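> My structure is stored as protein-v4.txt, with compact mmCIF, C-alpha atoms.
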```
# COMPACT_ATOMS: atom_id res chain seq x y z
CA MET D 20 -18.43 -23.82 6.86
CA ALA D 21 -15.68 -22.30 4.78
CA GLU D 22 -12.20 -23.68 5.17
CA PRO D 23 -9.63 -21.28 6.66
CA SER D 24 -7.33 -19.56 4.21
CA PRO D 25 -3.94 -21.23 3.94
CA LYS D 26 -1.11 -19.54 5.75
CA LYS D 27 1.11 -17.42 3.58
CA GLN D 28 4.56 -18.77 2.93
CA LYS D 29 7.49 -16.85 4.34
CA THR D 30 8.78 -16.30 0.84
CA GLU D 31 5.63 -14.49 -0.30
CA LEU D 32 5.51 -10.70 -0.35
CA GLN D 33 2.13 -9.56 0.88
CA VAL D 34 0.61 -6.85 -1.30
CA PHE D 35 -2.04 -4.51 0.12
CA THR D 36 -3.98 -1.97 -1.91
CA THR D 37 -6.30 -0.42 0.66
CA ALA D 38 -5.60 1.52 3.82
CA ALA D 39 -7.75 -0.85 5.87
CA GLN D 40 -5.78 -3.91 4.70
CA MET D 41 -2.44 -2.27 5.39
CA ARG D 42 -3.43 -0.96 8.80
CA SER D 43 -4.87 -4.33 9.82
CA PHE D 44 -1.62 -6.07 8.92
CA THR D 45 0.69 -3.77 10.87
CA ARG D 46 -1.61 -3.70 13.87
CA GLN D 47 -1.55 -7.49 13.94
CA GLN D 48 2.26 -7.42 13.91
CA LYS D 49 2.23 -5.09 16.90
CA ARG D 50 -0.26 -7.27 18.78
CA GLU D 51 2.29 -10.05 18.35
CA GLY D 52 4.92 -7.83 19.98
CA LYS D 53 6.80 -7.00 16.78
CA THR D 54 8.23 -3.63 15.79
CA VAL D 55 7.48 -2.26 12.32
CA ALA D 56 9.85 -0.30 10.09
CA PHE D 57 8.55 1.52 7.03
CA VAL D 58 10.25 2.54 3.78
CA PRO D 59 8.05 4.82 1.63
CA THR D 60 8.97 4.91 -2.09
CA MET D 61 7.58 5.97 -5.44
CA GLY D 62 8.80 2.76 -7.04
CA TYR D 63 11.24 1.99 -9.85
CA LEU D 64 13.55 0.82 -7.12
CA HIS D 65 17.35 0.90 -7.27
CA GLU D 66 20.10 -0.09 -4.85
CA GLY D 67 19.59 3.09 -2.87
CA HIS D 68 16.04 2.08 -2.03
CA ILE D 69 17.08 -1.47 -1.25
CA SER D 70 19.78 -0.21 1.12
CA LEU D 71 16.98 1.55 3.04
CA VAL D 72 15.07 -1.73 3.30
CA ARG D 73 18.18 -3.47 4.65
CA ALA D 74 18.71 -0.66 7.16
CA ALA D 75 15.07 -0.98 8.23
CA LYS D 76 15.47 -4.73 8.67
CA GLU D 77 18.38 -4.11 11.06
CA ARG D 78 16.20 -1.88 13.20
CA ALA D 79 12.84 -3.68 13.40
CA ASP D 80 11.20 -7.08 13.34
CA VAL D 81 9.02 -6.41 10.29
CA VAL D 82 9.72 -4.23 7.25
CA VAL D 83 6.93 -2.71 5.18
CA ALA D 84 7.39 -0.59 2.05
CA SER D 85 5.05 1.47 -0.07
CA ILE D 86 5.00 2.10 -3.80
CA TYR D 87 2.99 5.16 -4.74
CA VAL D 88 3.77 7.95 -7.19
CA ASN D 89 2.25 10.84 -5.27
CA PRO D 90 0.53 13.31 -7.61
CA THR D 91 0.37 16.21 -5.15
CA GLN D 92 4.14 16.69 -5.17
CA PHE D 93 4.17 17.20 -8.95
CA SER D 94 3.02 20.24 -10.91
CA LYS D 95 1.32 19.91 -14.28
CA ASN D 96 4.50 20.82 -16.18
CA GLU D 97 6.61 18.16 -14.43
CA ASP D 98 7.13 14.45 -15.05
CA PHE D 99 4.27 12.74 -13.21
CA ASP D 100 2.98 10.99 -16.33
CA VAL D 101 6.42 9.74 -17.44
CA TYR D 102 7.83 8.90 -14.01
CA PRO D 103 9.28 5.38 -14.47
CA ARG D 104 7.32 2.45 -13.10
CA ASP D 105 8.10 -1.30 -12.85
CA VAL D 106 6.00 -2.83 -10.08
CA ASP D 107 6.82 -6.51 -10.71
CA ASN D 108 10.55 -5.88 -10.58
CA ASP D 109 10.09 -3.67 -7.51
CA ARG D 110 8.26 -6.43 -5.66
CA ALA D 111 11.02 -8.95 -6.41
CA LYS D 112 13.67 -6.56 -5.10
CA LEU D 113 11.72 -5.82 -1.93
CA LEU D 114 11.19 -9.50 -1.20
CA SER D 115 14.86 -10.29 -1.78
CA ALA D 116 15.89 -7.54 0.64
CA GLY D 117 13.69 -8.86 3.45
CA CYS D 118 10.54 -6.77 3.08
CA VAL D 119 7.42 -8.73 4.10
CA ALA D 120 4.66 -6.46 2.81
CA VAL D 121 4.14 -3.61 0.37
CA PHE D 122 1.38 -1.03 0.27
CA GLU D 123 0.36 -0.16 -3.31
CA PRO D 124 -2.70 2.11 -3.15
CA GLU D 125 -4.42 3.05 -6.37
CA SER D 126 -4.89 6.50 -4.89
CA LEU D 127 -4.54 8.17 -1.51
CA TYR D 128 -6.89 10.99 -2.37
CA THR D 129 -10.69 11.12 -2.41
CA PRO D 130 -12.01 10.24 -5.87
CA VAL D 131 -14.16 12.85 -7.58
CA VAL D 132 -17.15 11.92 -9.74
CA GLY D 133 -16.28 12.30 -13.41
CA GLN D 134 -12.50 12.21 -12.82
CA THR D 135 -10.38 9.19 -13.66
CA GLY D 136 -6.81 8.44 -12.64
CA GLU D 137 -4.56 10.62 -10.53
CA THR D 138 -3.85 13.51 -12.90
CA SER D 139 -6.59 15.64 -11.32
CA ASN D 140 -4.52 15.65 -8.10
CA VAL D 141 -1.41 17.03 -9.84
CA VAL D 142 -0.80 20.64 -8.82
CA GLY D 143 -2.34 22.91 -11.44
CA ASN D 144 -4.86 20.29 -12.54
CA GLU D 145 -6.97 20.37 -9.40
CA THR D 146 -10.71 20.23 -9.77
CA ALA D 147 -13.01 22.73 -8.08
CA HIS D 148 -15.42 19.93 -7.20
CA PRO D 149 -16.69 20.42 -3.61
CA ASP D 150 -15.84 16.81 -2.71
CA SER D 151 -12.22 16.99 -3.84
CA HIS D 152 -9.28 16.65 -1.45
CA GLU D 153 -8.58 19.91 0.41
CA THR D 154 -6.52 19.06 3.52
CA PHE D 155 -2.74 19.46 3.32
CA VAL D 156 0.22 19.51 5.71
CA GLN D 157 2.90 22.18 5.49
CA VAL D 158 6.18 22.59 7.40
CA GLU D 159 6.28 26.34 7.23
CA ARG D 160 9.99 27.26 7.24
CA LEU D 161 11.83 24.14 6.12
CA GLN D 162 9.73 23.89 2.95
CA LEU D 163 10.86 27.31 1.68
CA PRO D 164 14.57 27.12 0.71
CA LEU D 165 16.38 24.93 -1.84
CA CYS D 166 13.86 22.79 -3.75
CA GLY D 167 11.03 24.84 -2.26
CA LYS D 168 12.03 27.90 -4.29
CA SER D 169 11.59 26.37 -7.73
CA ARG D 170 9.02 23.76 -6.67
CA PRO D 171 6.83 25.62 -4.12
CA HIS D 172 4.18 22.90 -4.30
CA PHE D 173 6.56 20.02 -3.64
CA PHE D 174 6.95 19.76 0.11
CA ARG D 175 3.26 20.36 0.78
CA GLY D 176 2.64 17.22 -1.26
CA VAL D 177 5.45 15.31 0.46
CA ALA D 178 4.40 16.24 4.00
CA THR D 179 0.77 15.40 3.22
CA VAL D 180 1.40 11.99 1.68
CA VAL D 181 3.89 10.97 4.39
CA THR D 182 1.38 12.00 7.05
CA LYS D 183 -1.26 9.86 5.37
CA LEU D 184 1.14 6.92 5.06
CA PHE D 185 2.17 7.20 8.71
CA HIS D 186 -1.50 7.17 9.76
CA ILE D 187 -2.13 4.08 7.62
CA VAL D 188 1.01 2.03 8.32
CA GLU D 189 1.54 3.21 11.91
CA PRO D 190 5.27 2.35 11.88
CA ASP D 191 7.65 2.49 14.79
CA ILE D 192 10.51 3.50 12.49
CA ALA D 193 10.60 5.17 9.07
CA VAL D 194 13.73 5.13 6.92
CA PHE D 195 14.57 7.82 4.36
CA GLY D 196 17.60 8.46 2.16
CA ARG D 197 19.64 11.62 2.64
CA LYS D 198 19.91 12.25 -1.11
CA ASP D 199 16.60 13.98 -0.50
CA TYR D 200 18.22 15.85 2.40
CA GLN D 201 15.65 18.63 2.71
CA GLN D 202 12.85 16.06 2.67
CA TRP D 203 14.54 14.10 5.48
CA ARG D 204 14.93 17.23 7.60
CA LEU D 205 11.37 18.33 6.87
CA ILE D 206 9.84 14.95 7.77
CA THR D 207 11.90 14.82 10.95
CA ARG D 208 10.59 18.24 11.96
CA MET D 209 7.01 17.33 11.05
CA VAL D 210 7.20 14.18 13.19
CA ARG D 211 8.48 16.26 16.11
CA ASP D 212 5.92 19.03 15.75
CA LEU D 213 2.88 16.76 15.21
CA ASP D 214 3.86 14.21 17.89
CA PHE D 215 4.06 11.18 15.64
CA ALA D 216 5.33 8.13 17.54
CA VAL D 217 7.78 7.39 14.73
CA GLU D 218 11.58 7.36 14.78
CA VAL D 219 12.84 8.91 11.54
CA VAL D 220 16.17 7.51 10.30
CA GLY D 221 18.22 9.18 7.54
CA MET D 222 20.64 6.95 5.62
CA PRO D 223 23.66 7.98 3.50
CA ILE D 224 23.44 8.55 -0.25
CA CYS D 225 24.03 5.52 -2.47
CA ARG D 226 26.00 6.22 -5.64
CA GLU D 227 26.73 4.61 -8.97
CA GLU D 228 30.33 3.56 -9.63
CA ASP D 229 31.03 6.91 -11.30
CA GLY D 230 29.63 8.85 -8.34
CA LEU D 231 26.22 9.83 -9.69
CA ALA D 232 23.67 9.72 -6.87
CA MET D 233 21.25 6.85 -7.43
CA SER D 234 17.82 8.01 -8.51
CA SER D 235 14.85 6.51 -10.30
CA ARG D 236 14.99 9.49 -12.64
CA ASN D 237 18.49 8.53 -13.86
CA ALA D 238 16.80 6.07 -16.23
CA ARG D 239 15.37 9.02 -18.17
CA LEU D 240 18.77 10.67 -18.85
CA SER D 241 20.00 10.73 -22.44
CA PRO D 242 23.19 8.67 -22.95
CA GLU D 243 25.31 11.82 -23.26
CA ALA D 244 23.74 13.41 -20.21
CA ARG D 245 24.25 10.22 -18.21
CA SER D 246 27.96 10.30 -19.05
CA LYS D 247 28.30 13.94 -17.96
CA ALA D 248 26.02 14.06 -14.91
CA PRO D 249 28.71 12.66 -12.53
CA ALA D 250 30.26 16.14 -12.77
CA ILE D 251 27.85 17.05 -9.97
CA TYR D 252 29.51 14.66 -7.53
CA ALA D 253 33.00 15.63 -8.70
CA ALA D 254 32.19 19.24 -7.85
CA LEU D 255 30.87 18.21 -4.43
CA GLN D 256 34.07 16.26 -3.76
CA TRP D 257 36.13 19.34 -4.65
CA ALA D 258 34.12 21.35 -2.12
CA GLU D 259 34.67 18.69 0.54
CA ARG D 260 38.44 18.87 0.00
CA VAL D 261 38.80 22.66 0.07
CA ALA D 262 36.49 23.01 3.07
CA ALA D 263 38.40 20.33 4.97
CA ASP D 264 41.85 21.81 4.33
CA GLY D 265 40.65 25.39 4.76
CA SER D 266 41.92 26.57 1.39
CA VAL D 267 38.47 27.87 0.39
CA THR D 268 35.84 28.74 3.00
CA ASP D 269 34.03 31.64 1.34
CA PRO D 270 30.51 30.44 0.44
CA ALA D 271 30.32 32.53 -2.73
CA ALA D 272 33.59 31.10 -4.06
CA ILE D 273 32.50 27.52 -3.41
CA LYS D 274 29.12 28.04 -5.04
CA GLU D 275 30.66 29.71 -8.08
CA HIS D 276 33.07 26.82 -8.67
CA VAL D 277 30.41 24.12 -8.28
CA ARG D 278 28.00 25.97 -10.56
CA GLY D 279 30.75 26.37 -13.18
CA GLU D 280 31.56 22.65 -13.19
CA ILE D 281 27.90 21.73 -13.73
CA ASP D 282 27.57 24.32 -16.49
CA LYS D 283 30.62 22.87 -18.26
CA ALA D 284 29.05 19.41 -18.13
CA GLY D 285 25.95 20.66 -19.93
CA GLY D 286 23.68 20.92 -16.93
CA LYS D 287 21.30 23.79 -16.30
CA VAL D 288 21.62 24.75 -12.64
CA ASP D 289 18.44 25.17 -10.64
CA TYR D 290 20.37 26.04 -7.50
CA VAL D 291 23.72 25.63 -5.76
CA GLU D 292 23.32 26.59 -2.11
CA LEU D 293 25.26 26.47 1.14
CA VAL D 294 23.00 26.41 4.20
CA ASP D 295 23.08 25.31 7.81
CA ALA D 296 22.92 21.52 7.82
CA ASN D 297 20.29 21.43 10.57
CA HIS D 298 17.79 24.24 9.98
CA LEU D 299 18.72 25.04 6.34
CA GLY D 300 19.19 28.72 7.16
CA PRO D 301 21.97 31.08 6.01
CA ILE D 302 25.64 30.51 6.86
CA THR D 303 28.61 32.85 6.65
CA ASN D 304 31.67 30.59 6.78
CA VAL D 305 31.81 26.86 6.12
CA ALA D 306 34.62 26.43 8.65
CA THR D 307 32.47 27.43 11.63
CA GLN D 308 29.38 25.24 11.33
CA PRO D 309 28.20 22.02 9.68
CA THR D 310 27.13 23.21 6.24
CA LEU D 311 24.97 21.53 3.64
CA LEU D 312 26.09 22.02 0.05
CA ALA D 313 22.99 21.22 -1.98
CA VAL D 314 22.64 21.11 -5.75
CA ALA D 315 19.77 20.76 -8.22
CA ALA D 316 20.37 20.76 -11.97
CA HIS D 317 18.58 19.79 -15.16
CA PHE D 318 20.17 17.49 -17.74
CA PRO D 319 18.69 16.40 -21.11
CA ALA D 320 16.25 13.47 -21.06
CA ARG D 321 16.15 10.55 -23.48
CA ASP D 322 12.39 10.91 -23.96
CA ARG D 323 11.35 14.53 -23.60
CA GLY D 324 12.47 17.68 -21.84
CA THR D 325 14.98 17.41 -19.03
CA VAL D 326 15.68 15.38 -15.91
CA ARG D 327 16.09 17.23 -12.63
CA LEU D 328 18.89 15.75 -10.51
CA ILE D 329 19.64 16.62 -6.89
CA ASP D 330 22.69 15.85 -4.76
CA ASN D 331 24.34 17.13 -1.60
CA THR D 332 27.14 16.78 0.89
CA VAL D 333 27.70 18.11 4.41
CA LEU D 334 30.92 20.06 4.76
CA CYS D 335 32.88 20.05 8.02
CA GLU D 336 30.38 17.63 9.52
CA ARG D 337 30.97 16.97 13.21
CA LYS D 338 31.00 13.23 13.85
```
Taking this structure as input, can you express it in the form of structure tokens?

Amino acid sequence: MAEPSPKKQKTELQVFTTAAQMRSFTRQQKREGKTVAFVPTMGYLHEGHISLVRAAKERADVVVASIYVNPTQFSKNEDFDVYPRDVDNDRAKLLSAGCVAVFEPESLYTPVVGQTGETSNVVGNETAHPDSHETFVQVERLQLPLCGKSRPHFFRGVATVVTKLFHIVEPDIAVFGRKDYQQWRLITRMVRDLDFAVEVVGMPICREEDGLAMSSRNARLSPEARSKAPAIYAALQWAERVAADGSVTDPAAIKEHVRGEIDKAGGKVDYVELVDANHLGPITNVATQPTLLAVAAHFPARDRGTVRLIDNTVLCERK
């Protein structure tokens, strides 16, 4: 008769690579009467991610994270293959922050005979094989503005992978950062519309000392671009001031100024938009409704091409 496996020490981060393993673990936690909070990530963790883990720990008995670079939210001309990865360091950070388990699937999509790796699931590289993945989730209206205009594939991939992760982890709470504001709103709406028993929590943006929003992609910025990219936040702060004191409330004037500051810093603007902070629809005057000022811009990379940075702030937010 085989001896029982030794109990895991409290200081050991449990690593699961299959859906069955991960689901079995969280279901056991729930049988023991514990609540489970979930922090999905694509890895290369920074303080912003870790702040989400700490927030999750305050809200549940057990915190689980995932590390998975999801191919279906990338197109073939984007940075899937150079997206930074450092799993060992990520695990150490998660453990230190109070995470007890991490889900690290090799893939969340059905493997196709003759295909290796995840590149065949990147948008534009899909195979026509009849056994390939073909089921996707879309949030019809919220996926269209802002990042959805220049990356029309993106939120289909996000909604699909989060749906899969929710089905696997079965969390009570899921914690997201509001740097990805549109993603947070979209996931919240998806959870409502599809009746997931998950509370979605959005946490404030974490920033570097010079104001740049923390992002795994910051590591790819060239030194010069890294020194100039904080111009995005400086422009957002200007907009916060003029909206608060009422000196500038015309959306076109605010957008023009913010765009000009990013241009001067050497960034190539993808978009600067003012939209309703709840449904992301059009607004007419920032003084009359909570308004999201959202920015996406490209700055030169240290390796190849550019790095796409996003940031946002809510103007005249009602507390």
> One decimal, Å: what's the distance from CA of Pro103 in chain D over to CA of Leu165 in chain D, could you say?
24.3 Å
> Rounded to one decimal, what separation in Å do you get between CA of Gly176 in chain D and CA of Asp322 in chain D?
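Rounded to one decimal, the two atoms are 25.5 Å apart.
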> How far is it from CA of Phe195 in chain D to CA of Met61 in chain D, in Å with one decimal?
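That distance, rounded to one decimal, is 12.2 Å.
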> Step by step: start from the point (29.9, 17.0, 8.9) in the file's coordinates, keep every protein, DNA or RNA residue that has an atom no farther than 10 Å from it, count all atoms listed in the file, and write the set as a short mmCIF file (atom, residue, chain, number, x, y, z; two decimals) with C-alpha atoms, in the frame of the given file.

```cif
data_model
loop_
_atom_site.label_atom_id
_atom_site.label_comp_id
_atom_site.auth_asym_id
_atom_site.auth_seq_id
_atom_site.Cartn_x
_atom_site.Cartn_y
_atom_site.Cartn_z
CA GLU D 259 34.67 18.69 0.54
CA ALA D 263 38.40 20.33 4.97
CA ALA D 296 22.92 21.52 7.82
CA GLN D 308 29.38 25.24 11.33
CA PRO D 309 28.20 22.02 9.68
CA THR D 310 27.13 23.21 6.24
CA LEU D 311 24.97 21.53 3.64
CA THR D 332 27.14 16.78 0.89
CA VAL D 333 27.70 18.11 4.41
CA LEU D 334 30.92 20.06 4.76
CA CYS D 335 32.88 20.05 8.02
CA GLU D 336 30.38 17.63 9.52
CA ARG D 337 30.97 16.97 13.21
CA LYS D 338 31.00 13.23 13.85
#
```
> So that I can check the surroundings of Val81 in chain D, please list as a PDB file with C-alpha atoms, in the coordinates of the input every protein, DNA and RNA residue that reaches within 8 Å of it, counting all atoms listed in the file and ignoring chain neighbours fewer than 2 positions away.

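Listing of result.pdb after writing:
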```
ATOM      1  CA  GLN D  48       2.260  -7.420  13.910  1.00  0.00           C
ATOM      2  CA  LYS D  53       6.800  -7.000  16.780  1.00  0.00           C
ATOM      3  CA  THR D  54       8.230  -3.630  15.790  1.00  0.00           C
ATOM      4  CA  VAL D  55       7.480  -2.260  12.320  1.00  0.00           C
ATOM      5  CA  ALA D  56       9.850  -0.300  10.090  1.00  0.00           C
ATOM      6  CA  LYS D  76      15.470  -4.730   8.670  1.00  0.00           C
ATOM      7  CA  ALA D  79      12.840  -3.680  13.400  1.00  0.00           C
ATOM      8  CA  VAL D  83       6.930  -2.710   5.180  1.00  0.00           C
ATOM      9  CA  CYS D 118      10.540  -6.770   3.080  1.00  0.00           C
ATOM     10  CA  VAL D 119       7.420  -8.730   4.100  1.00  0.00           C
TER      11      VAL D 119
END
```
> Do you know which residues lie at most 9 Å from (29.9, 24.6, -8.7), with coordinates as in the file and only C-alpha atoms counted, and could you write them as a VMD selection string?
chain D and resid 251 254 to 255 258 272 to 282 291 314
> Please identify all polymer residues within 10 Å of Val158 in chain D, counting only C-alpha atoms, omitting same-chain residues fewer than 6 positions from it, and present them as a ChimeraX atom specification.
/D:174-175,178-179,205-206,208-209,212
> Which one is closest to Tyr290 in chain D: D:Val101, D:Ala238, D:Val267, D:Leu328? Count all atoms listed in the file.
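So, comparing all the options, the nearest one is D:Leu328.
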> So which residues touch range 218-226 of chain D within 12 Å, counting all atoms listed in the file, skipping near sequence neighbours fewer than 4 positions away, as a ChimeraX atom specification?
/D:54-59,65-75,77-79,181,185,189-211,214,230-234,237,249,251-252,329-333
> When distances are computed from all atoms listed in the file, which of D:Ala116, D:Ala39, D:Leu184, D:Val142 shows the smallest separation from Tyr87 in chain D?
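Under the stated criterion, the closest residue is D:Leu184.
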> Name all residues at most 10 Å from Val326 in chain D (count only C-alpha atoms; drop same-chain ones fewer than 2 positions away) and give them as a ChimeraX atom specification.
/D:97-98,236-241,244,286,316-324,328-329
> Quick one: of D:Phe122, D:Glu137, D:Tyr128, D:Ser94, who's nearest to Arg42 in chain D, counting only C-alpha atoms?
D:Phe122
> As AutoDock Vina command-line options, please report the centre and edge lengths, rounded to one decimal in Å, of the axis-aligned box that holds all listed atoms of range 245-259 of chain D with 6 Å of padding on each of the six sides.

```
--center_x 30.2 --center_y 15.8 --center_z -9.3 --size_x 23.9 --size_y 23.1 --size_z 31.6
```
> My list of candidates is D:Thr60, D:Ser85, D:Ser246, D:Thr307. Which is closest to Val34 in chain D when distances are computed with all atoms listed in the file?
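Smallest separation from Val34 in chain D among the options: D:Ser85.
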> Which is closest to Thr146 in chain D among D:Glu292, D:Pro171, D:Leu114, D:Gly133, if we use all atoms listed in the file?
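Of the candidates, the smallest distance to Thr146 in chain D is held by D:Gly133.
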> Of the candidates D:Phe99, D:Pro149, D:Glu243, D:His172, which shows the shortest atom-to-atom distance to Gly136 in chain D, using all atoms listed in the file?
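Counting all atoms listed in the file, the residue closest to Gly136 in chain D is D:Phe99.
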> Using the partial input, fill out range 275-301 of chain D with N, CA and C atoms; write the result as a tab-separated table (two decimals), in the frame of the given file.

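Okay, this is what ended up in out.tsv:
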```
chain	number	residue	atom	x	y	z
D	275	GLU	N	30.29	29.34	-6.71
D	275	GLU	CA	30.66	29.71	-8.08
D	275	GLU	C	31.39	28.57	-8.78
D	276	HIS	N	32.31	27.92	-8.07
D	276	HIS	CA	33.07	26.82	-8.67
D	276	HIS	C	32.15	25.64	-9.00
D	277	VAL	N	31.30	25.25	-8.06
D	277	VAL	CA	30.41	24.12	-8.28
D	277	VAL	C	29.46	24.40	-9.43
D	278	ARG	N	28.90	25.59	-9.47
D	278	ARG	CA	28.00	25.97	-10.56
D	278	ARG	C	28.74	25.91	-11.91
D	279	GLY	N	29.98	26.38	-11.94
D	279	GLY	CA	30.75	26.37	-13.18
D	279	GLY	C	31.02	24.97	-13.69
D	280	GLU	N	31.29	24.03	-12.77
D	280	GLU	CA	31.56	22.65	-13.19
D	280	GLU	C	30.30	21.99	-13.78
D	281	ILE	N	29.15	22.30	-13.20
D	281	ILE	CA	27.90	21.73	-13.73
D	281	ILE	C	27.57	22.35	-15.09
D	282	ASP	N	27.79	23.66	-15.20
D	282	ASP	CA	27.57	24.32	-16.49
D	282	ASP	C	28.44	23.71	-17.59
D	283	LYS	N	29.70	23.46	-17.27
D	283	LYS	CA	30.62	22.87	-18.26
D	283	LYS	C	30.18	21.48	-18.70
D	284	ALA	N	29.51	20.76	-17.81
D	284	ALA	CA	29.05	19.41	-18.13
D	284	ALA	C	27.72	19.42	-18.91
D	285	GLY	N	27.19	20.59	-19.17
D	285	GLY	CA	25.95	20.66	-19.93
D	285	GLY	C	24.70	20.69	-19.10
D	286	GLY	N	24.84	20.83	-17.79
D	286	GLY	CA	23.68	20.92	-16.93
D	286	GLY	C	23.18	22.34	-16.80
D	287	LYS	N	21.89	22.48	-16.57
D	287	LYS	CA	21.30	23.79	-16.30
D	287	LYS	C	20.98	23.86	-14.82
D	288	VAL	N	21.72	24.71	-14.10
D	288	VAL	CA	21.62	24.75	-12.64
D	288	VAL	C	20.29	25.35	-12.20
D	289	ASP	N	19.61	24.64	-11.32
D	289	ASP	CA	18.44	25.17	-10.64
D	289	ASP	C	18.92	25.97	-9.43
D	290	TYR	N	19.74	25.31	-8.60
D	290	TYR	CA	20.37	26.04	-7.50
D	290	TYR	C	21.65	25.32	-7.07
D	291	VAL	N	22.58	26.11	-6.53
D	291	VAL	CA	23.72	25.63	-5.76
D	291	VAL	C	23.72	26.47	-4.50
D	292	GLU	N	23.48	25.84	-3.35
D	292	GLU	CA	23.32	26.59	-2.11
D	292	GLU	C	24.14	25.99	-0.98
D	293	LEU	N	24.62	26.86	-0.11
D	293	LEU	CA	25.26	26.47	1.14
D	293	LEU	C	24.38	26.97	2.28
D	294	VAL	N	23.90	26.05	3.10
D	294	VAL	CA	23.00	26.41	4.20
D	294	VAL	C	23.37	25.62	5.44
D	295	ASP	N	22.87	26.06	6.57
D	295	ASP	CA	23.08	25.31	7.81
D	295	ASP	C	22.52	23.90	7.66
D	296	ALA	N	23.30	22.91	8.06
D	296	ALA	CA	22.92	21.52	7.82
D	296	ALA	C	21.74	21.06	8.68
D	297	ASN	N	21.39	21.83	9.70
D	297	ASN	CA	20.29	21.43	10.57
D	297	ASN	C	18.99	22.16	10.22
D	298	HIS	N	19.03	23.49	10.20
D	298	HIS	CA	17.79	24.24	9.98
D	298	HIS	C	17.71	24.84	8.58
D	299	LEU	N	18.71	24.62	7.74
D	299	LEU	CA	18.72	25.04	6.34
D	299	LEU	C	18.68	26.55	6.18
D	300	GLY	N	19.12	27.26	7.23
D	300	GLY	CA	19.19	28.72	7.16
D	300	GLY	C	20.53	29.19	6.65
D	301	PRO	N	20.73	30.51	6.56
D	301	PRO	CA	21.97	31.08	6.01
D	301	PRO	C	23.20	30.74	6.85
```
